[in-house]
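Below is upload_13.txt, holding compact mmCIF, C-alpha atoms.
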# COMPACT_ATOMS: atom_id res chain seq x y z
CA MET A 1 -52.63 -16.99 -28.47
CA ILE A 2 -55.09 -15.75 -25.86
CA VAL A 3 -58.14 -14.26 -27.60
CA THR A 4 -60.76 -12.24 -25.75
CA SER A 5 -63.90 -10.70 -27.25
CA GLU A 6 -64.56 -7.10 -26.29
CA GLY A 7 -67.81 -6.32 -28.03
CA SER A 8 -67.02 -6.00 -31.74
CA THR A 9 -63.28 -6.20 -31.08
CA LEU A 10 -60.83 -9.02 -30.45
CA ARG A 11 -57.99 -8.54 -27.98
CA LEU A 12 -55.01 -10.80 -28.66
CA VAL A 13 -52.18 -11.55 -26.23
CA THR A 14 -49.41 -13.94 -27.19
CA GLN A 15 -48.66 -16.90 -24.95
CA PRO A 16 -45.06 -15.73 -24.40
CA ASP A 17 -46.31 -12.30 -23.28
CA HIS A 18 -48.72 -13.97 -20.88
CA ALA A 19 -45.84 -16.09 -19.56
CA HIS A 20 -43.68 -12.99 -19.15
CA LEU A 21 -46.39 -11.57 -16.88
CA ALA A 22 -46.24 -14.77 -14.81
CA GLY A 23 -42.48 -14.33 -14.49
CA GLU A 24 -42.79 -10.67 -13.49
CA LEU A 25 -45.38 -11.58 -10.89
CA LEU A 26 -43.20 -14.31 -9.40
CA ALA A 27 -40.20 -11.95 -9.35
CA LEU A 28 -42.14 -9.72 -6.92
CA TRP A 29 -43.41 -12.62 -4.79
CA HIS A 30 -42.31 -11.99 -1.20
CA ALA A 31 -44.32 -14.70 0.56
CA ASP A 32 -43.61 -18.35 1.32
CA GLY A 33 -39.83 -17.96 1.47
CA LEU A 34 -39.45 -17.45 -2.28
CA PRO A 35 -36.99 -14.48 -2.08
CA LEU A 36 -34.39 -16.75 -0.39
CA HIS A 37 -35.21 -19.92 -2.30
CA PRO A 38 -31.99 -21.58 -3.53
CA ARG A 39 -33.53 -22.24 -6.97
CA ARG A 40 -35.34 -18.91 -7.27
CA ALA A 41 -33.55 -17.97 -10.52
CA GLU A 42 -34.69 -21.22 -12.15
CA LEU A 43 -38.24 -20.72 -10.90
CA LEU A 44 -38.40 -17.22 -12.38
CA PHE A 45 -36.92 -18.42 -15.67
CA ALA A 46 -39.39 -21.31 -15.89
CA ALA A 47 -42.35 -19.03 -15.13
CA ARG A 48 -41.23 -16.54 -17.77
CA GLU A 49 -40.54 -19.24 -20.39
CA HIS A 50 -43.18 -21.85 -19.66
CA ASP A 51 -44.97 -21.01 -22.93
CA ASN A 52 -41.83 -20.61 -25.04
CA GLY A 53 -43.02 -23.27 -27.48
CA TRP A 54 -45.73 -20.87 -28.65
CA ARG A 55 -43.24 -18.33 -30.02
CA GLU A 56 -43.38 -19.71 -33.54
CA ALA A 57 -47.11 -20.47 -33.52
CA ASP A 58 -48.11 -17.05 -32.21
CA ALA A 59 -45.91 -15.38 -34.82
CA ALA A 60 -48.17 -16.94 -37.47
CA PRO A 61 -51.64 -17.25 -35.86
CA ARG A 62 -54.39 -19.16 -37.61
CA TRP A 63 -58.06 -18.57 -38.33
CA ASP A 64 -60.69 -21.21 -37.54
CA ALA A 65 -63.16 -20.87 -40.42
CA GLU A 66 -65.64 -23.26 -38.83
CA ARG A 67 -65.96 -21.13 -35.69
CA ALA A 68 -65.32 -17.82 -37.51
CA TYR A 69 -62.85 -17.05 -34.75
CA PRO A 70 -59.08 -17.24 -34.26
CA TYR A 71 -57.56 -20.44 -32.97
CA ASP A 72 -56.32 -19.98 -29.43
CA PHE A 73 -54.30 -22.01 -26.95
CA ILE A 74 -57.30 -24.24 -26.23
CA THR A 75 -58.90 -24.68 -29.68
CA LEU A 76 -55.74 -25.19 -31.78
CA PRO A 77 -55.79 -28.77 -33.14
CA ALA A 78 -54.16 -31.39 -30.92
CA ARG A 79 -51.34 -32.22 -33.34
CA ASP A 80 -50.27 -28.58 -33.36
CA ARG A 81 -50.39 -28.24 -29.58
CA ILE A 82 -48.34 -31.41 -29.20
CA GLU A 83 -45.70 -30.02 -31.55
CA ILE A 84 -45.67 -26.74 -29.63
CA TRP A 85 -45.16 -28.45 -26.27
CA GLU A 86 -42.53 -30.85 -27.59
CA ARG A 87 -40.58 -27.81 -28.75
CA GLY A 88 -41.24 -25.86 -25.55
CA THR A 89 -40.20 -28.57 -23.14
CA CYS A 90 -36.99 -29.39 -25.02
CA ARG A 91 -35.74 -25.90 -25.86
CA PHE A 92 -33.86 -25.30 -22.60
CA ALA A 93 -33.08 -28.89 -21.61
CA THR A 94 -29.33 -28.47 -22.13
CA ALA A 95 -28.82 -24.90 -20.90
CA ARG A 96 -31.39 -24.86 -18.04
CA PRO A 97 -32.30 -28.47 -17.16
CA TYR A 98 -34.22 -27.65 -13.97
CA ALA A 99 -36.26 -24.95 -15.69
CA ALA A 100 -36.94 -27.42 -18.51
CA LEU A 101 -38.07 -29.95 -15.89
CA LEU A 102 -40.53 -27.43 -14.43
CA ILE A 103 -41.87 -26.67 -17.92
CA ALA A 104 -42.29 -30.40 -18.59
CA ARG A 105 -44.06 -30.76 -15.24
CA HIS A 106 -46.40 -27.97 -16.34
CA ALA A 107 -47.14 -29.76 -19.61
CA LEU A 108 -47.98 -32.93 -17.69
CA GLN A 109 -50.30 -30.94 -15.45
CA LEU A 110 -52.09 -29.53 -18.49
CA PHE A 111 -52.41 -32.69 -20.56
CA GLN A 112 -52.39 -35.74 -18.30
CA GLY A 113 -56.16 -35.89 -18.63
CA ARG A 114 -55.76 -36.38 -22.40
CA ARG A 115 -54.34 -39.89 -21.98
CA GLY A 116 -56.34 -42.31 -24.08
CA GLU A 117 -57.36 -39.64 -26.58
CA GLU A 118 -56.15 -39.93 -30.17
CA GLY A 119 -52.55 -38.79 -30.64
CA TRP A 120 -51.80 -37.91 -27.02
CA ASP A 121 -50.35 -41.10 -25.51
CA PRO A 122 -46.97 -41.03 -27.34
CA PHE A 123 -46.48 -37.41 -26.32
CA LEU A 124 -47.39 -38.09 -22.69
CA ASP A 125 -45.06 -41.11 -22.63
CA PHE A 126 -42.28 -38.88 -23.97
CA LEU A 127 -43.01 -36.21 -21.34
CA GLU A 128 -42.88 -38.70 -18.50
CA ASP A 129 -39.56 -40.15 -19.70
CA PHE A 130 -38.15 -36.68 -20.36
CA ALA A 131 -39.12 -35.45 -16.89
CA ARG A 132 -37.75 -38.59 -15.24
CA ASP A 133 -34.38 -38.12 -16.96
CA LEU A 134 -34.20 -34.42 -16.03
CA LEU A 135 -35.12 -35.21 -12.44
CA ALA A 136 -32.23 -37.66 -12.25
CA GLU A 137 -29.87 -35.18 -13.95
CA THR A 138 -30.69 -32.30 -11.61
CA GLY A 139 -30.74 -34.41 -8.45
CA VAL A 140 -33.67 -32.45 -7.01
CA PRO A 141 -35.93 -34.66 -4.84
CA ARG A 142 -39.38 -35.18 -6.34
CA GLU A 143 -41.13 -33.65 -3.35
CA GLU A 144 -39.09 -30.46 -3.81
CA LEU A 145 -39.94 -30.41 -7.51
CA GLU A 146 -43.63 -30.63 -6.63
CA ALA A 147 -43.29 -27.84 -4.07
CA ASP A 148 -41.45 -25.66 -6.61
CA TYR A 149 -43.98 -26.35 -9.34
CA ARG A 150 -46.80 -24.92 -7.21
CA TRP A 151 -45.32 -21.43 -7.76
CA ILE A 152 -45.20 -21.91 -11.55
CA ASP A 153 -48.76 -23.19 -11.65
CA LEU A 154 -50.11 -20.41 -9.44
CA ALA A 155 -48.29 -17.61 -11.29
CA ASP A 156 -49.56 -19.04 -14.58
CA LEU A 157 -53.15 -19.12 -13.31
CA ILE A 158 -53.01 -15.53 -12.03
CA ALA A 159 -51.52 -14.29 -15.33
CA LEU A 160 -54.07 -16.28 -17.34
CA THR A 161 -56.94 -14.86 -15.27
CA ALA A 162 -55.66 -11.36 -16.07
CA CYS A 163 -55.05 -11.93 -19.78
CA ARG A 164 -58.37 -13.67 -20.40
CA GLY A 165 -60.39 -11.24 -18.32
CA ALA A 166 -61.89 -14.15 -16.38
CA ARG A 167 -64.69 -13.17 -14.02
CA GLU A 168 -65.28 -16.26 -11.89
CA PRO A 169 -63.17 -16.51 -8.72
CA VAL A 170 -60.85 -19.50 -8.43
CA GLU A 171 -58.72 -20.92 -5.65
CA ARG A 172 -55.51 -22.90 -5.88
CA TYR A 173 -52.96 -23.92 -3.24
CA GLY A 174 -54.86 -21.87 -0.67
CA THR A 175 -54.74 -18.65 -2.73
CA ARG A 176 -58.02 -17.09 -3.84
CA ILE A 177 -57.98 -15.22 -7.17
CA GLU A 178 -60.85 -12.96 -8.12
CA THR A 179 -61.53 -10.09 -10.50
CA ARG A 180 -63.11 -7.04 -8.92
CA GLU A 181 -63.35 -3.43 -10.07
CA GLY A 182 -60.94 -4.08 -12.93
CA GLU A 183 -58.26 -5.55 -10.66
CA ILE A 184 -56.98 -9.04 -9.96
CA ARG A 185 -57.39 -9.54 -6.20
CA LEU A 186 -55.40 -12.17 -4.29
CA ASP A 187 -55.92 -13.58 -0.82
CA PRO A 188 -53.54 -14.08 0.90
CA PHE A 189 -51.62 -11.33 -0.85
CA PRO A 190 -48.01 -12.36 -1.68
CA LEU A 191 -46.57 -9.06 -2.95
CA VAL A 192 -45.25 -6.12 -0.95
CA GLY A 193 -48.07 -3.89 -2.21
CA ALA A 194 -50.57 -3.45 -5.02
CA THR A 195 -48.68 -3.48 -8.32
CA THR A 196 -49.54 -2.52 -11.89
CA PHE A 197 -48.19 -4.54 -14.82
CA ARG A 198 -48.46 -3.84 -18.54
CA VAL A 199 -48.95 -6.62 -21.06
CA PRO A 200 -48.43 -6.12 -24.82
CA CYS A 201 -51.52 -6.83 -26.90
CA ARG A 202 -53.24 -6.01 -30.17
CA TRP A 203 -56.85 -5.34 -31.06
CA LEU A 204 -58.63 -6.37 -34.26
CA PRO A 205 -62.19 -5.83 -35.45
CA LEU A 206 -64.38 -8.92 -35.18
CA ARG A 207 -65.82 -9.01 -38.67
CA GLY A 208 -69.28 -10.30 -39.40
CA ASP A 209 -70.36 -12.68 -42.19
CA GLY A 210 -67.80 -15.37 -41.42
CA GLY A 211 -65.00 -13.08 -40.31
CA TYR A 212 -61.64 -13.26 -42.02
CA ARG A 213 -61.11 -15.19 -45.23
CA GLY A 214 -58.43 -17.48 -43.83
CA ASP A 215 -55.01 -17.58 -42.19
CA ALA A 216 -53.41 -15.14 -44.62
CA ASP A 217 -56.19 -12.57 -44.28
CA PHE A 218 -56.26 -12.82 -40.49
CA GLY A 219 -52.47 -12.92 -40.14
CA GLY A 220 -52.03 -9.94 -42.46
CA GLU A 221 -54.55 -7.90 -40.50
CA LEU A 222 -52.85 -8.80 -37.23
CA ALA A 223 -49.39 -7.99 -38.57
CA ALA A 224 -50.62 -4.54 -39.59
CA ALA A 225 -52.28 -3.88 -36.23
CA ARG A 226 -50.51 -1.50 -33.89
CA TRP A 227 -49.20 -2.88 -30.63
CA GLY A 228 -50.81 -1.56 -27.47
CA GLU A 229 -50.82 -2.49 -23.81
CA MET A 230 -53.37 -3.79 -21.37
CA THR A 231 -52.97 -2.74 -17.75
CA VAL A 232 -53.10 -5.43 -15.10
CA ARG A 233 -53.33 -4.35 -11.49
CA ILE A 234 -52.75 -6.96 -8.77
CA ALA A 235 -54.11 -6.04 -5.34
CA PRO A 236 -55.26 -7.65 -2.08
CA VAL A 237 -58.82 -8.96 -1.87
CA SER A 238 -59.48 -6.55 0.98
CA ARG A 239 -58.49 -2.95 0.29
CA GLU A 240 -59.22 -1.87 3.88
CA LEU A 241 -56.41 -0.54 6.04
CA PRO A 242 -55.58 -2.60 9.15
CA ALA A 243 -56.92 0.18 11.41
CA ALA A 244 -60.24 0.14 9.56
CA ARG A 245 -60.57 -3.61 10.09
CA GLU A 246 -60.08 -3.21 13.84
CA ARG A 247 -62.94 -0.76 14.29
Starting from the coordinates I provided, produce the structure as structure tokens.
Amino acid sequence: MIVTSEGSTLRLVTQPDHAHLAGELLALWHADGLPLHPRRAELLFAAREHDNGWREADAAPRWDAERAYPYDFITLPARDRIEIWERGTCRFATARPYAALLIARHALQLFQGRRGEEGWDPFLDFLEDFARDLLAETGVPREELEADYRWIDLADLIALTACRGAREPVERYGTRIETREGEIRLDPFPLVGATTFRVPCRWLPLRGDGGYRGDADFGGELAAARWGEMTVRIAPVSRELPAARER
């Protein structure tokens, strides 16, 4: 779950809905040869499903009584995140092995820095073996896997910036991502034109005095909340027309 405070309100976006935005974004990506990429369908599938392991967890979100705030994709206890990513990396291994390999590569990117921390080493060992086996099965050279993964990682970062409402600009793989005037601005711009996306979300009141009474109270309130949409507009960093830049 991605949880953002908006004054006295919480905005909640599920991880799968965030991932769907990443897939939609990549589907409109016209730069870097992606439209003619021989594995484009697998790239789009992996982007859209890279957080599939969160389906079950986000269907039953939990309340962190100590923080008086919902658990999110960062604060959920390690054992739960490990279970989520074991499920998410394995779900499509038989039907879509290359997409599963990209999802496993994403998990390694996220958690490699956890090696040596309690509970993480067996999972990371599993991920490395799992990815090695899928790489051999698919026959894709490692350097091509790494080149393909850059698209997944970048689409994920852009979608996460939008869903979290992040304000600080970031740069990855030569692409600058910044939030300005309510838009996500990219430079260089990889789409044909500025595009508006809609992401499902729900809003809940952020109660005072310790917040919700526990998982059941929080989950019940969320289940009763009406679904809405947040609008995400992706545009170039510079909104000037070429003629204006020349003057």
Distance in Å - CA of Pro200 in chain A versus CA of Gly228 in chain A: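 According to the coordinates, CA of Pro200 in chain A and CA of Gly228 in chain A are separated by 5.8 Å.
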Starting from the point (-35.8, -28.6, -12.1), work out which residues of protein, DNA or RNA have an atom no more than 8 Å away when counting all atoms listed in the file; state them as a list in words. Glu42, Pro97, Tyr98, Ala99, Ala100, Leu101, Leu102, Leu134, Leu135, Thr138, Val140 and Leu145 of chain A
Quick check, in Å to one decimal: how far apart do CA of Pro16 in chain A and CA of Ala47 in chain A lie?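 Spanning CA of Pro16 in chain A to CA of Ala47 in chain A is a straight-line distance of 10.2 Å.
Distance-wise, CA of Ala136 in chain A and CA of Asp51 in chain A end up 23.5 Å apart.
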Long-range neighbours of Phe73 in chain A as a list of chain:residue names, 12 Å cut-off, only C-alpha atoms, 5 positions minimum in chain: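 After dropping sequence-adjacent residues, the list is A:Met1, A:Ile2, A:Val3, A:Thr4, A:Leu12, A:Val13, A:Thr14, A:Gln15, A:Pro16, A:His18, A:Asp51, A:Gly53, A:Trp54, A:Ala57, A:Asp58, A:Pro61, A:Arg62, A:Ala78, A:Asp80, A:Arg81, A:Ile82, A:Ile84, A:Trp85, A:Leu110, A:Leu160, A:Arg164.
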Between A:Thr175, A:Thr75, A:Thr89, A:Thr196, which residue has the minimum interatomic distance to His50 in chain A, considering only C-alpha atoms? A:Thr89
Nearest to Ala19 in chain A: which of A:Glu143, A:Glu56, A:Asp156, A:Asp72 is it, counting all atoms listed in the file?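 Under the stated criterion, the closest residue is A:Asp156.
Residue nearest Ala60 in chain A within the list A:Ala216, A:Val237, A:Leu34, A:Leu157: A:Ala216 [criterion: smallest interatomic distance, all atoms listed in the file].
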Using only C-alpha atoms, the shortest atom-to-atom distance to Glu183 in chain A among A:Gly116, A:Pro236, A:Gly210, A:Pro70 belongs to A:Pro236
Excluding Glu171 in chain A and its own-chain neighbours fewer than 5 positions away, which residues fall within 10 Å of it when counting all atoms listed in the file? Please give them as a ChimeraX atom specification. /A:154,157,176-178,186-187
Test item: which residues lie within 12 Å of (-64.4, -10.3, -24.9) counting all atoms listed in the file, as a PyMOL selection string: chain A and resi 2-12+163-167+203-206
With a distance cut-off of 9 Å and only C-alpha atoms, select the neighbouring residues of Gly211 in chain A, excluding the residue or stretch itself and same-chain residues fewer than 6 positions from it, and output the selection as a PyMOL selection string. chain A and resi 65+68-69+218
What box, with edges along x, y and z, holds each listed atom of range 73-83 of chain A when 6 Å is added on every side, and can you state its centre and edge lengths in Å to one decimal, as AutoDock Vina command-line options?
--center_x -52.3 --center_y -27.1 --center_z -29.8 --size_x 25.2 --size_y 22.2 --size_z 19.1
Go through A:Gly23, A:Gly182, A:Tyr212, A:Gly193 one by one, measure the shortest atom-to-atom distance of each to Met230 in chain A using all atoms listed in the file, and give the residue with the smallest value.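 So, comparing all the options, the nearest one is A:Gly182.
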Best match for closeness to Arg213 in chain A among A:Trp63, A:Trp29, A:Phe189, A:Phe197, counting only C-alpha atoms: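 Counting only C-alpha atoms, the residue closest to Arg213 in chain A is A:Trp63.
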Shell of 7 Å around Leu26 in chain A, all atoms listed in the file, local chain residues under 4 positions omitted, as a PDB file with C-alpha atoms, in the frame of the given file:
ATOM      1  CA  ALA A  22     -46.240 -14.770 -14.810  1.00  0.00           C
ATOM      2  CA  LEU A  44     -38.400 -17.220 -12.380  1.00  0.00           C
ATOM      3  CA  ALA A 155     -48.290 -17.610 -11.290  1.00  0.00           C
TER       4      ALA A 155
END
